[in-house]
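Okay, entry_22.cif now, which holds mmCIF, C-alpha atoms:
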```cif
data_work
loop_
_atom_site.label_atom_id
_atom_site.label_comp_id
_atom_site.auth_asym_id
_atom_site.auth_seq_id
_atom_site.Cartn_x
_atom_site.Cartn_y
_atom_site.Cartn_z
CA MET A 1 65.54 126.52 140.87
CA SER A 2 67.95 127.60 143.62
CA LYS A 3 69.05 125.16 146.29
CA LYS A 4 67.60 125.55 149.76
CA ILE A 5 69.88 126.94 152.47
CA VAL A 6 70.14 125.14 155.83
CA ALA A 7 72.10 126.92 158.59
CA ILE A 8 73.50 125.37 161.77
CA VAL A 9 73.32 127.83 164.67
CA GLY A 10 73.79 127.62 168.44
CA ARG A 11 76.08 128.55 171.29
CA PRO A 12 79.84 127.88 171.01
CA ASN A 13 81.07 124.34 171.71
CA VAL A 14 77.78 122.51 171.17
CA GLY A 15 79.20 120.59 168.19
CA LYS A 16 78.21 122.68 165.16
CA SER A 17 81.39 121.95 163.20
CA THR A 18 81.20 118.25 164.10
CA LEU A 19 77.63 118.11 162.75
CA PHE A 20 78.66 120.10 159.67
CA ASN A 21 81.48 117.66 158.90
CA ALA A 22 79.25 114.64 159.56
CA LEU A 23 76.61 115.89 157.09
CA ALA A 24 79.04 117.21 154.48
CA GLY A 25 81.12 114.03 154.53
CA GLU A 26 84.30 114.28 152.51
CA ARG A 27 82.95 116.91 150.13
CA ILE A 28 84.44 119.80 152.07
CA ALA A 29 87.92 118.28 151.86
CA ILE A 30 87.75 118.05 148.08
CA VAL A 31 89.79 120.52 146.07
CA GLU A 32 88.17 120.74 142.66
CA ASP A 33 90.46 119.75 139.81
CA THR A 34 90.04 123.23 138.35
CA PRO A 35 93.11 125.32 139.22
CA GLY A 36 92.32 128.11 141.62
CA VAL A 37 89.04 126.74 142.95
CA THR A 38 88.80 125.27 146.42
CA ARG A 39 85.85 124.71 148.68
CA ASP A 40 85.52 126.93 151.70
CA ARG A 41 84.78 125.01 154.87
CA ILE A 42 81.93 127.36 155.77
CA TYR A 43 79.50 125.78 153.30
CA ALA A 44 78.97 122.42 151.61
CA ASP A 45 76.48 120.70 149.30
CA VAL A 46 74.44 117.97 150.97
CA SER A 47 72.00 115.44 149.45
CA TRP A 48 69.32 113.44 151.25
CA LEU A 49 66.59 111.36 149.54
CA ASP A 50 67.16 113.11 146.19
CA LYS A 51 66.89 116.54 147.82
CA ASN A 52 69.92 118.81 147.52
CA PHE A 53 70.63 121.73 149.79
CA THR A 54 73.48 124.00 150.85
CA LEU A 55 74.60 123.63 154.45
CA ILE A 56 76.15 126.65 156.21
CA ASP A 57 78.22 126.48 159.38
CA THR A 58 78.25 129.55 161.66
CA GLY A 59 80.24 130.87 164.56
CA GLY A 60 78.73 130.31 167.98
CA ILE A 61 76.14 132.77 169.27
CA GLU A 62 76.89 134.31 172.67
CA PRO A 63 73.77 136.50 172.97
CA SER A 64 74.98 138.64 175.90
CA SER A 65 78.73 138.77 175.27
CA LYS A 66 80.43 142.13 174.72
CA ASP A 67 83.63 140.46 173.52
CA ILE A 68 84.42 141.82 170.05
CA ILE A 69 85.16 138.46 168.41
CA LEU A 70 82.06 136.83 169.93
CA SER A 71 79.89 139.76 168.87
CA GLN A 72 81.28 139.40 165.34
CA MET A 73 80.40 135.69 165.43
CA ARG A 74 76.91 136.57 166.63
CA GLU A 75 76.44 138.98 163.72
CA GLN A 76 77.69 136.35 161.29
CA ALA A 77 75.19 133.85 162.67
CA MET A 78 72.38 136.40 162.26
CA ILE A 79 73.33 136.78 158.59
CA ALA A 80 73.09 133.02 158.16
CA ILE A 81 69.69 133.07 159.90
CA GLU A 82 68.44 135.80 157.54
CA SER A 83 69.60 133.80 154.54
CA ALA A 84 68.42 130.32 155.57
CA ASP A 85 65.27 128.41 154.62
CA VAL A 86 65.65 125.99 157.55
CA ILE A 87 67.65 126.50 160.76
CA LEU A 88 69.17 123.69 162.81
CA PHE A 89 69.28 125.07 166.36
CA LEU A 90 71.94 122.94 168.06
CA THR A 91 72.07 122.42 171.83
CA ASP A 92 74.19 120.20 174.08
CA VAL A 93 72.55 117.51 176.24
CA LYS A 94 75.65 117.19 178.44
CA GLN A 95 75.75 120.89 179.30
CA GLY A 96 71.99 120.86 179.70
CA LEU A 97 69.61 123.75 179.09
CA VAL A 98 71.31 127.09 179.84
CA ASP A 99 70.13 130.72 179.77
CA ASP A 100 71.89 131.47 176.49
CA ASP A 101 69.95 128.65 174.79
CA ALA A 102 66.73 130.46 175.71
CA LYS A 103 68.13 133.74 174.34
CA VAL A 104 69.11 132.08 171.06
CA ALA A 105 65.62 130.52 170.90
CA ASP A 106 64.10 134.02 171.25
CA LEU A 107 66.26 135.27 168.35
CA LEU A 108 65.12 132.37 166.19
CA ARG A 109 61.46 132.85 167.06
CA LYS A 110 61.67 136.49 165.94
CA SER A 111 63.26 135.43 162.63
CA GLY A 112 60.03 133.71 161.54
CA LYS A 113 62.10 130.95 159.91
CA GLN A 114 61.55 127.18 160.00
CA VAL A 115 63.52 125.98 163.04
CA LEU A 116 64.41 122.44 164.14
CA LEU A 117 65.60 122.01 167.72
CA ILE A 118 68.52 119.55 167.74
CA VAL A 119 69.93 118.13 170.97
CA ASN A 120 73.50 116.95 170.32
CA LYS A 121 75.88 114.58 172.13
CA VAL A 122 73.13 112.01 172.87
CA ASP A 123 75.62 109.15 172.58
CA HIS A 124 73.31 106.69 174.43
CA PHE A 125 69.63 107.25 173.78
CA GLN A 126 68.33 105.38 176.83
CA LYS A 127 70.75 107.15 179.17
CA TYR A 128 70.18 110.70 177.94
CA MET A 129 66.52 110.79 176.81
CA PRO A 130 65.23 112.11 180.20
CA ASP A 131 67.69 115.03 179.80
CA VAL A 132 66.51 115.63 176.20
CA TYR A 133 62.94 116.26 177.43
CA GLU A 134 64.22 119.29 179.40
CA PHE A 135 64.66 121.13 176.08
CA TYR A 136 60.88 121.22 175.55
CA ASN A 137 61.08 124.22 177.92
CA LEU A 138 62.48 126.30 175.06
CA GLY A 139 59.03 126.22 173.47
CA ILE A 140 60.50 125.90 169.98
CA GLY A 141 59.21 122.46 168.99
CA ASP A 142 60.06 118.82 169.62
CA PRO A 143 63.75 118.24 170.42
CA ILE A 144 65.47 115.84 168.01
CA PRO A 145 68.22 113.80 169.73
CA ILE A 146 71.42 113.14 167.77
CA SER A 147 75.10 112.43 168.25
CA ALA A 148 77.09 114.22 165.53
CA SER A 149 80.36 112.55 166.56
CA GLU A 150 78.84 109.04 166.53
CA LYS A 151 76.55 109.83 163.55
CA LEU A 152 73.44 108.72 165.49
CA GLY A 153 70.00 110.06 164.63
CA LEU A 154 71.17 112.02 161.59
CA GLY A 155 68.77 110.26 159.20
CA ASP A 156 65.71 111.14 161.26
CA MET A 157 66.96 114.71 161.53
CA LEU A 158 67.49 115.00 157.75
CA ASP A 159 63.98 113.62 157.15
CA GLU A 160 62.69 116.52 159.24
CA VAL A 161 64.90 119.02 157.39
CA ILE A 162 63.63 118.15 153.92
CA GLY A 163 60.09 117.96 155.31
CA LYS A 164 60.41 121.69 156.03
CA PHE A 165 61.15 122.54 152.39
CA PRO A 166 58.16 123.99 150.50
CA GLU A 167 56.30 121.40 148.38
CA ASN A 168 56.38 123.55 145.24
CA GLY A 169 60.03 124.50 145.59
CA GLY A 170 59.27 128.08 146.61
CA ASP A 171 58.57 131.31 144.80
CA ASP A 172 61.83 131.35 142.85
CA GLU A 173 60.67 128.41 140.75
CA GLU A 174 57.61 130.29 139.45
CA ASP A 175 59.46 133.57 138.92
CA ASP A 176 61.18 133.23 135.55
CA ARG A 177 62.71 136.72 135.55
CA PRO A 178 66.51 136.58 135.23
CA LYS A 179 68.09 137.00 138.67
CA ILE A 180 71.33 138.94 138.79
CA ALA A 181 73.49 138.81 141.93
CA ILE A 182 75.69 141.88 142.41
CA VAL A 183 78.56 140.51 144.52
CA GLY A 184 81.99 141.65 145.64
CA LYS A 185 83.92 142.55 148.72
CA PRO A 186 82.91 145.65 150.74
CA ASN A 187 83.42 149.14 149.35
CA VAL A 188 83.90 148.26 145.67
CA GLY A 189 80.72 150.15 144.74
CA LYS A 190 78.02 147.46 144.54
CA SER A 191 75.29 149.69 146.00
CA SER A 192 76.38 152.63 143.84
CA ILE A 193 75.96 150.47 140.73
CA VAL A 194 72.48 149.36 141.82
CA ASN A 195 71.53 152.98 142.56
CA LYS A 196 72.79 154.10 139.14
CA ILE A 197 70.77 151.34 137.45
CA CYS A 198 67.65 152.15 139.46
CA GLY A 199 68.06 155.89 139.06
CA LYS A 200 67.50 156.62 142.74
CA GLU A 201 69.27 156.37 146.08
CA ARG A 202 67.68 153.06 146.95
CA VAL A 203 70.60 151.91 149.09
CA ILE A 204 72.55 154.07 151.52
CA VAL A 205 76.00 154.67 150.07
CA SER A 206 78.93 155.73 152.23
CA ASP A 207 82.71 155.67 152.13
CA ILE A 208 82.63 153.33 155.13
CA ALA A 209 83.06 149.80 153.84
CA GLY A 210 79.95 147.77 154.41
CA THR A 211 77.55 150.60 155.25
CA THR A 212 74.56 148.71 153.90
CA ARG A 213 73.51 145.76 155.96
CA ASP A 214 70.86 143.71 154.19
CA ALA A 215 70.67 142.03 150.80
CA ILE A 216 67.78 143.64 148.93
CA ASP A 217 66.02 142.45 145.77
CA THR A 218 65.16 145.14 143.25
CA SER A 219 63.08 144.75 140.10
CA VAL A 220 64.37 146.71 137.10
CA THR A 221 63.28 146.86 133.47
CA ARG A 222 65.57 147.37 130.47
CA ASN A 223 64.45 147.27 126.82
CA GLY A 224 61.09 145.81 127.84
CA LYS A 225 62.72 142.98 129.81
CA GLU A 226 62.43 142.64 133.58
CA TYR A 227 65.32 141.59 135.82
CA VAL A 228 65.70 141.01 139.56
CA LEU A 229 68.87 142.49 141.07
CA ILE A 230 70.09 140.73 144.21
CA ASP A 231 72.25 143.34 145.92
CA THR A 232 74.56 141.57 148.38
CA ALA A 233 75.29 144.56 150.52
CA GLY A 234 78.45 144.82 152.56
CA ILE A 235 78.64 144.00 156.22
CA ARG A 236 78.70 146.65 158.91
CA ARG A 237 81.63 145.96 161.19
CA LYS A 238 83.23 147.38 164.29
CA ASN A 239 86.76 146.32 163.43
CA LYS A 240 88.73 144.47 160.81
CA ILE A 241 88.90 140.90 162.04
CA LYS A 242 89.83 139.45 158.69
CA HIS A 243 88.85 135.84 159.26
CA GLU A 244 85.36 136.64 160.51
CA LEU A 245 84.77 139.22 157.77
CA GLU A 246 85.62 136.62 155.19
CA ARG A 247 83.03 134.28 156.72
CA TYR A 248 80.41 137.02 156.43
CA MET A 249 81.31 137.59 152.80
CA ILE A 250 81.23 133.89 151.94
CA ILE A 251 77.80 133.37 153.56
CA ARG A 252 76.39 136.39 151.71
CA ALA A 253 77.95 135.31 148.43
CA VAL A 254 76.85 131.66 148.63
CA THR A 255 73.22 132.50 149.42
CA ALA A 256 73.03 135.16 146.70
CA VAL A 257 74.80 133.05 144.08
CA GLU A 258 72.47 130.10 144.78
CA ARG A 259 69.46 132.23 143.81
CA ALA A 260 71.03 133.91 140.79
CA ASN A 261 71.22 133.05 137.10
CA VAL A 262 74.09 135.46 136.46
CA VAL A 263 76.66 136.73 138.94
CA VAL A 264 78.12 140.21 138.45
CA LEU A 265 81.40 140.28 140.38
CA VAL A 266 82.30 143.91 141.08
CA ILE A 267 86.01 144.56 141.55
CA ASP A 268 87.87 147.80 142.22
CA ALA A 269 89.85 148.92 139.16
CA THR A 270 92.46 150.58 141.40
CA GLU A 271 93.03 147.35 143.38
CA GLY A 272 92.62 144.64 140.76
CA VAL A 273 91.58 141.08 141.61
CA THR A 274 92.03 140.24 145.30
CA GLU A 275 91.98 136.86 147.02
CA GLN A 276 88.42 137.59 148.19
CA ASP A 277 87.35 138.35 144.61
CA ALA A 278 88.81 135.04 143.42
CA LYS A 279 86.91 133.18 146.17
CA ILE A 280 83.59 134.73 145.12
CA ALA A 281 84.28 133.98 141.44
CA GLY A 282 85.10 130.40 142.49
CA ILE A 283 81.71 130.05 144.22
CA ALA A 284 79.93 131.21 141.05
CA HIS A 285 82.01 128.81 138.93
CA GLU A 286 81.40 125.85 141.25
CA ARG A 287 77.67 126.45 141.13
CA GLY A 288 77.57 126.73 137.33
CA LYS A 289 76.39 130.34 137.20
CA GLY A 290 77.00 132.87 134.47
CA LEU A 291 79.81 135.31 135.35
CA VAL A 292 80.37 138.95 134.45
CA VAL A 293 83.33 140.78 136.01
CA ALA A 294 82.46 144.48 136.35
CA VAL A 295 85.62 146.53 136.86
CA ASN A 296 84.29 149.57 138.73
CA LYS A 297 86.01 152.94 139.36
CA TRP A 298 87.57 152.75 135.88
CA ASP A 299 87.44 156.58 135.81
CA ALA A 300 89.91 156.63 138.73
CA VAL A 301 92.62 154.72 136.84
CA GLU A 302 95.31 157.11 135.65
CA GLY A 303 97.42 156.89 132.53
CA LYS A 304 94.90 154.86 130.48
CA ASN A 305 95.46 154.37 126.75
CA THR A 306 93.81 152.42 123.92
CA LYS A 307 95.39 149.17 125.15
CA SER A 308 94.45 149.57 128.83
CA THR A 309 91.20 147.58 128.80
CA HIS A 310 92.84 144.72 126.90
CA GLU A 311 95.83 144.64 129.27
CA HIS A 312 93.60 144.74 132.36
CA SER A 313 91.36 142.02 130.90
CA GLU A 314 94.32 139.71 130.32
CA LYS A 315 95.55 140.31 133.86
CA ILE A 316 92.10 139.52 135.31
CA ARG A 317 91.89 136.28 133.30
CA SER A 318 95.35 135.26 134.52
CA GLN A 319 94.20 135.82 138.12
CA LEU A 320 90.98 133.84 137.54
CA PRO A 321 92.38 130.89 135.53
CA PHE A 322 89.30 128.73 136.20
CA ALA A 323 86.98 131.39 134.75
CA GLN A 324 88.65 132.31 131.46
CA TYR A 325 85.14 132.42 129.96
CA ALA A 326 83.99 135.36 132.15
CA GLU A 327 82.66 138.46 130.41
CA ILE A 328 84.54 141.59 131.50
CA ILE A 329 83.25 145.17 131.41
CA PHE A 330 84.89 148.38 132.61
CA ILE A 331 82.48 150.78 134.29
CA SER A 332 82.16 153.72 136.64
CA ALA A 333 79.17 153.88 138.98
CA THR A 334 80.11 157.49 139.78
CA THR A 335 79.98 158.80 136.18
CA GLY A 336 77.62 156.13 134.83
CA GLN A 337 80.21 155.09 132.22
CA ARG A 338 79.08 151.86 130.50
CA VAL A 339 76.75 150.89 133.37
CA GLU A 340 73.84 150.48 130.92
CA LYS A 341 75.99 148.21 128.72
CA LEU A 342 76.11 145.81 131.67
CA PHE A 343 72.70 144.50 130.57
CA GLU A 344 74.04 143.68 127.09
CA LYS A 345 76.66 141.46 128.74
CA ILE A 346 74.07 139.89 131.06
CA ASP A 347 71.70 139.11 128.15
CA ARG A 348 74.55 137.54 126.17
CA VAL A 349 75.53 135.36 129.13
CA ILE A 350 71.92 134.21 129.65
CA GLN A 351 71.68 133.36 125.94
CA ASN A 352 74.91 131.32 126.16
CA GLN A 353 73.75 129.57 129.33
CA ASN A 354 70.73 128.29 127.40
CA LEU A 355 72.56 127.45 124.17
CA ARG A 356 71.98 123.89 122.87
CA ILE A 357 74.28 122.17 120.38
CA GLN A 358 72.89 119.56 117.99
CA THR A 359 74.29 116.12 118.74
CA GLY A 360 75.60 115.60 115.19
CA VAL A 361 77.45 118.90 115.17
CA LEU A 362 78.90 118.28 118.65
CA ASN A 363 80.24 114.87 117.64
CA GLU A 364 81.89 116.37 114.56
CA ILE A 365 83.70 118.92 116.75
CA ILE A 366 84.86 116.24 119.21
CA LEU A 367 85.98 113.93 116.38
CA GLU A 368 87.98 116.74 114.77
CA ALA A 369 89.50 117.70 118.15
CA THR A 370 90.65 114.13 118.86
CA ALA A 371 92.16 113.89 115.38
CA LEU A 372 94.12 117.14 115.84
CA GLN A 373 95.43 116.17 119.28
CA GLN A 374 95.59 112.52 120.20
CA PRO A 375 93.87 111.56 123.46
CA PRO A 376 96.11 110.53 126.39
CA MET A 377 97.50 107.02 126.68
CA ASP A 378 98.50 104.93 129.71
CA LYS A 379 99.95 101.39 129.92
CA GLY A 380 99.25 100.72 126.26
CA LYS A 381 95.61 101.90 126.44
CA ARG A 382 94.54 105.08 124.67
CA LEU A 383 91.45 107.09 125.55
CA LYS A 384 88.68 106.87 122.95
CA VAL A 385 85.66 109.17 122.84
CA PHE A 386 82.88 107.14 121.22
CA TYR A 387 79.97 109.55 121.42
CA SER A 388 78.94 112.86 122.94
CA THR A 389 75.66 114.64 123.57
CA GLN A 390 74.43 117.70 125.43
CA ALA A 391 72.47 116.69 128.54
CA SER A 392 71.28 120.06 129.88
CA VAL A 393 71.65 123.83 129.94
CA CYS A 394 72.35 126.37 132.75
CA PRO A 395 75.19 125.49 132.72
CA PRO A 396 75.60 123.70 129.37
CA THR A 397 76.48 120.11 130.29
CA PHE A 398 77.92 117.51 127.92
CA VAL A 399 78.09 113.75 128.37
CA LEU A 400 81.11 112.02 126.80
CA PHE A 401 81.01 108.23 126.42
CA VAL A 402 84.57 106.83 126.55
CA ASN A 403 86.36 103.49 126.84
CA TYR A 404 88.19 104.25 130.13
CA ARG A 405 87.09 107.14 132.32
CA SER A 406 90.40 107.12 134.21
CA LEU A 407 92.22 108.13 131.02
CA MET A 408 90.26 111.40 130.71
CA HIS A 409 92.88 113.66 132.31
CA PHE A 410 91.97 117.17 133.38
CA SER A 411 94.25 118.70 130.75
CA TYR A 412 92.54 116.84 127.91
CA ARG A 413 89.09 117.72 129.21
CA ARG A 414 90.19 121.36 129.24
CA TYR A 415 91.44 120.95 125.65
CA LEU A 416 88.02 119.61 124.53
CA GLU A 417 86.29 122.44 126.39
CA ASN A 418 88.46 124.98 124.58
CA ARG A 419 87.63 123.43 121.20
CA ILE A 420 83.90 123.62 121.97
CA ARG A 421 84.29 127.24 123.10
CA ASP A 422 86.31 128.10 119.96
CA THR A 423 83.37 126.85 117.86
CA PHE A 424 80.32 127.97 119.82
CA GLY A 425 81.56 130.69 122.16
CA PHE A 426 79.72 130.06 125.43
CA LYS A 427 81.10 133.39 126.71
CA GLY A 428 80.23 134.12 130.30
CA THR A 429 79.10 130.60 131.26
CA PRO A 430 80.97 127.60 132.63
CA ILE A 431 80.41 124.34 130.82
CA ARG A 432 80.40 120.93 132.44
CA PHE A 433 81.45 117.45 131.30
CA ILE A 434 80.08 114.15 132.56
CA ILE A 435 82.44 111.31 131.62
CA ARG A 436 80.87 107.86 131.29
CA GLU A 437 82.32 104.56 130.26
CA ARG A 438 80.38 103.06 127.36
CA LYS A 439 79.25 100.05 129.38
CA GLU A 440 77.44 102.29 131.93
#
```
Here is the file; what I need is its structure written in the form of structure tokens.
Amino acid sequence: MSKKIVAIVGRPNVGKSTLFNALAGERIAIVEDTPGVTRDRIYADVSWLDKNFTLIDTGGIEPSSKDIILSQMREQAMIAIESADVILFLTDVKQGLVDDDAKVADLLRKSGKQVLLIVNKVDHFQKYMPDVYEFYNLGIGDPIPISASEKLGLGDMLDEVIGKFPENGGDDEEDDRPKIAIVGKPNVGKSSIVNKICGKERVIVSDIAGTTRDAIDTSVTRNGKEYVLIDTAGIRRKNKIKHELERYMIIRAVTAVERANVVVLVIDATEGVTEQDAKIAGIAHERGKGLVVAVNKWDAVEGKNTKSTHEHSEKIRSQLPFAQYAEIIFISATTGQRVEKLFEKIDRVIQNQNLRIQTGVLNEIILEATALQQPPMDKGKRLKVFYSTQASVCPPTFVLFVNYRSLMHFSYRRYLENRIRDTFGFKGTPIRFIIRERKE
């Protein structure tokens, strides 16, 4: 089941980033110990009362501004609103109720989404409560007073947030069709690939990067099996403000990846892997999703020979060091070259995501690996792996019981992962390790 998306929206300077940091805690500052993967500050994973959700920060909404940057921020916020399950509409008790708050409230009402009205900067409840009541005039529900900077009222607010989540977990839980997110930066041919698969011009395709505006789900059938394609369309833009465009892309990618089983990252064969591509691949890796890299426009690459695909594959893997396991396919949406074979890769990835290893066999592999390469040692103590078992699938997750968790260095964990992959494959899916000390 995909995580719920909670978006913080509101005018500039009402404390959105302060609230984001207060809820995300230190998670957003963490750089994962996988080379090449870092968290983007736009989104973070949050847990409250055993409920997990993804929190998205947005730029401030200035509903009536014609300023280009502010209009870009407004569009970004609208994307977050479209994608969210619950919206935290943040206002500022010290500035009071202003006209733009009412305009934002109108936008949110039209969205039809679950909205919580949050009044921030209520540092002293007794002093500011009369001012909080003014926000009832927005007609968007009971105002919830908080102070993000002082961390006051956040528990009550989070209780309300998770109370807005559907009891049954939503429709995605009942729909067991594989969900495939087609992601990538604008103008790499995502919509063209979906159109080729569907056999009709379902999405407007243009040379202008980001012509298509909305993410659209499409049901397709191949070899008697039904799939749902999540097409994360590009973003229409008036200019190339790089920072804001990247925020759009990240919001789109995070929300699509959350819902997907397998992520198809489309890259341009003539450009190779860009920094944006690596960020999107990192999001898929972090969230334990299957990954297929579709190298589009392969027909446009000149001077190809029998070694070209191998050389390009090696280069891609070197640029995505954290996702060496990714399946790679070279396609052309224009000519249709190998587009149908994409489903063979997707099926293989899904099969590997659900692969279970018998405990006895797994322990033999780990025992052999530790015999071939001694575990690390520190201050006279050597790491010992007593026992291992597979805890779950999607992604395959293994629990290793050891004597000292601190001795399990990243490099040795990577070595054990490689030995498991050498034996069982697991192509296209990340695998996870949970390290526990035997006494736990």
Coordinates-based distance that separates CA of Phe135 in chain A from CA of Met157 in chain A (Å, one decimal)
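So the two atoms, CA of Met157 in chain A and CA of Phe135 in chain A, lie 16.1 Å apart.
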List the neighbours of range 405-416 of chain A out to 10 Å using all atoms listed in the file; skip same-chain residues closer than 3 positions along the sequence, and give me the result as a PyMOL selection string.
chain A and resi 33-34+365-366+369-370+373-378+381-385+400-402+419-422+432-438
Choose the residue, out of A:Leu342, A:Val188, A:Ala333, A:Ala300, that has the smallest atom-to-atom separation from Asp277 in chain A; count only C-alpha atoms.
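So, comparing all the options, the nearest one is A:Val188.
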Measure the distance from CA of Arg109 in chain A to CA of Lys94 in chain A in Å and round it to one decimal.
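Interatomic distance here is 24.0 Å.
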Smallest atom-to-atom distance to Val254 in chain A: which of A:Val98, A:Leu19, A:Ile283, A:Leu367, using only C-alpha atoms?
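Using only C-alpha atoms, Val254 in chain A sits closest to A:Ile283.
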So how far away is CA of Ala256 in chain A from CA of Leu90 in chain A, in Å?
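Result for CA of Leu90 in chain A versus CA of Ala256 in chain A: 24.6 Å, one decimal.
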Running the PyMOL selection byres ((chain A and resi 260) around 12) on this model by hand, what would come out? Give it as a PyMOL selection string.
chain A and resi 1-3+172-173+175-183+217+227-232+253-259+261-264+283-284+287-291+346+350+394
Result set, the PyMOL selection byres ((chain A and resi 194-198) around 10) on current file, as number ranges by chain
A: 182, 189-193, 199-205, 218-222, 229-231, 332-336, 339-340, 342-343
Could you check which of A:Val161, A:Leu23, A:Gly141, A:Leu154 is closest to Val6 in chain A, using all atoms listed in the file?
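Under the stated criterion, the closest residue is A:Val161.
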Would you write out, as a list in words, every residue that the PyMOL selection byres ((chain A and resi 319) around 12) captures in this file?
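Selected by the PyMOL selection byres ((chain A and resi 319) around 12) in this file: Pro35, Gly36, Val37, Gly272, Val273, Thr274, Glu275, Gln276, Asp277, Ala278, Lys279, Ala281, Gly282, His312, Ser313, Glu314, Lys315, Ile316, Arg317, Ser318, Leu320, Pro321, Phe322, Ala323, Gln324 and Ala326 of chain A.
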Please determine an axis-aligned box that encloses all atoms of range 269-284 of chain A listed in the file, with 6 Å added on each side, and express its centre and edge lengths in Å to one decimal as AutoDock Vina command-line options.
```
--center_x 86.5 --center_y 140.3 --center_z 143.7 --size_x 25.1 --size_y 32.5 --size_z 21.0
```
For Ala294 in chain A, which of A:Phe330, A:Phe398, A:Tyr325, A:Phe424 is the closest residue, counting all atoms listed in the file?
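Among the listed residues, A:Phe330 lies closest to Ala294 in chain A.
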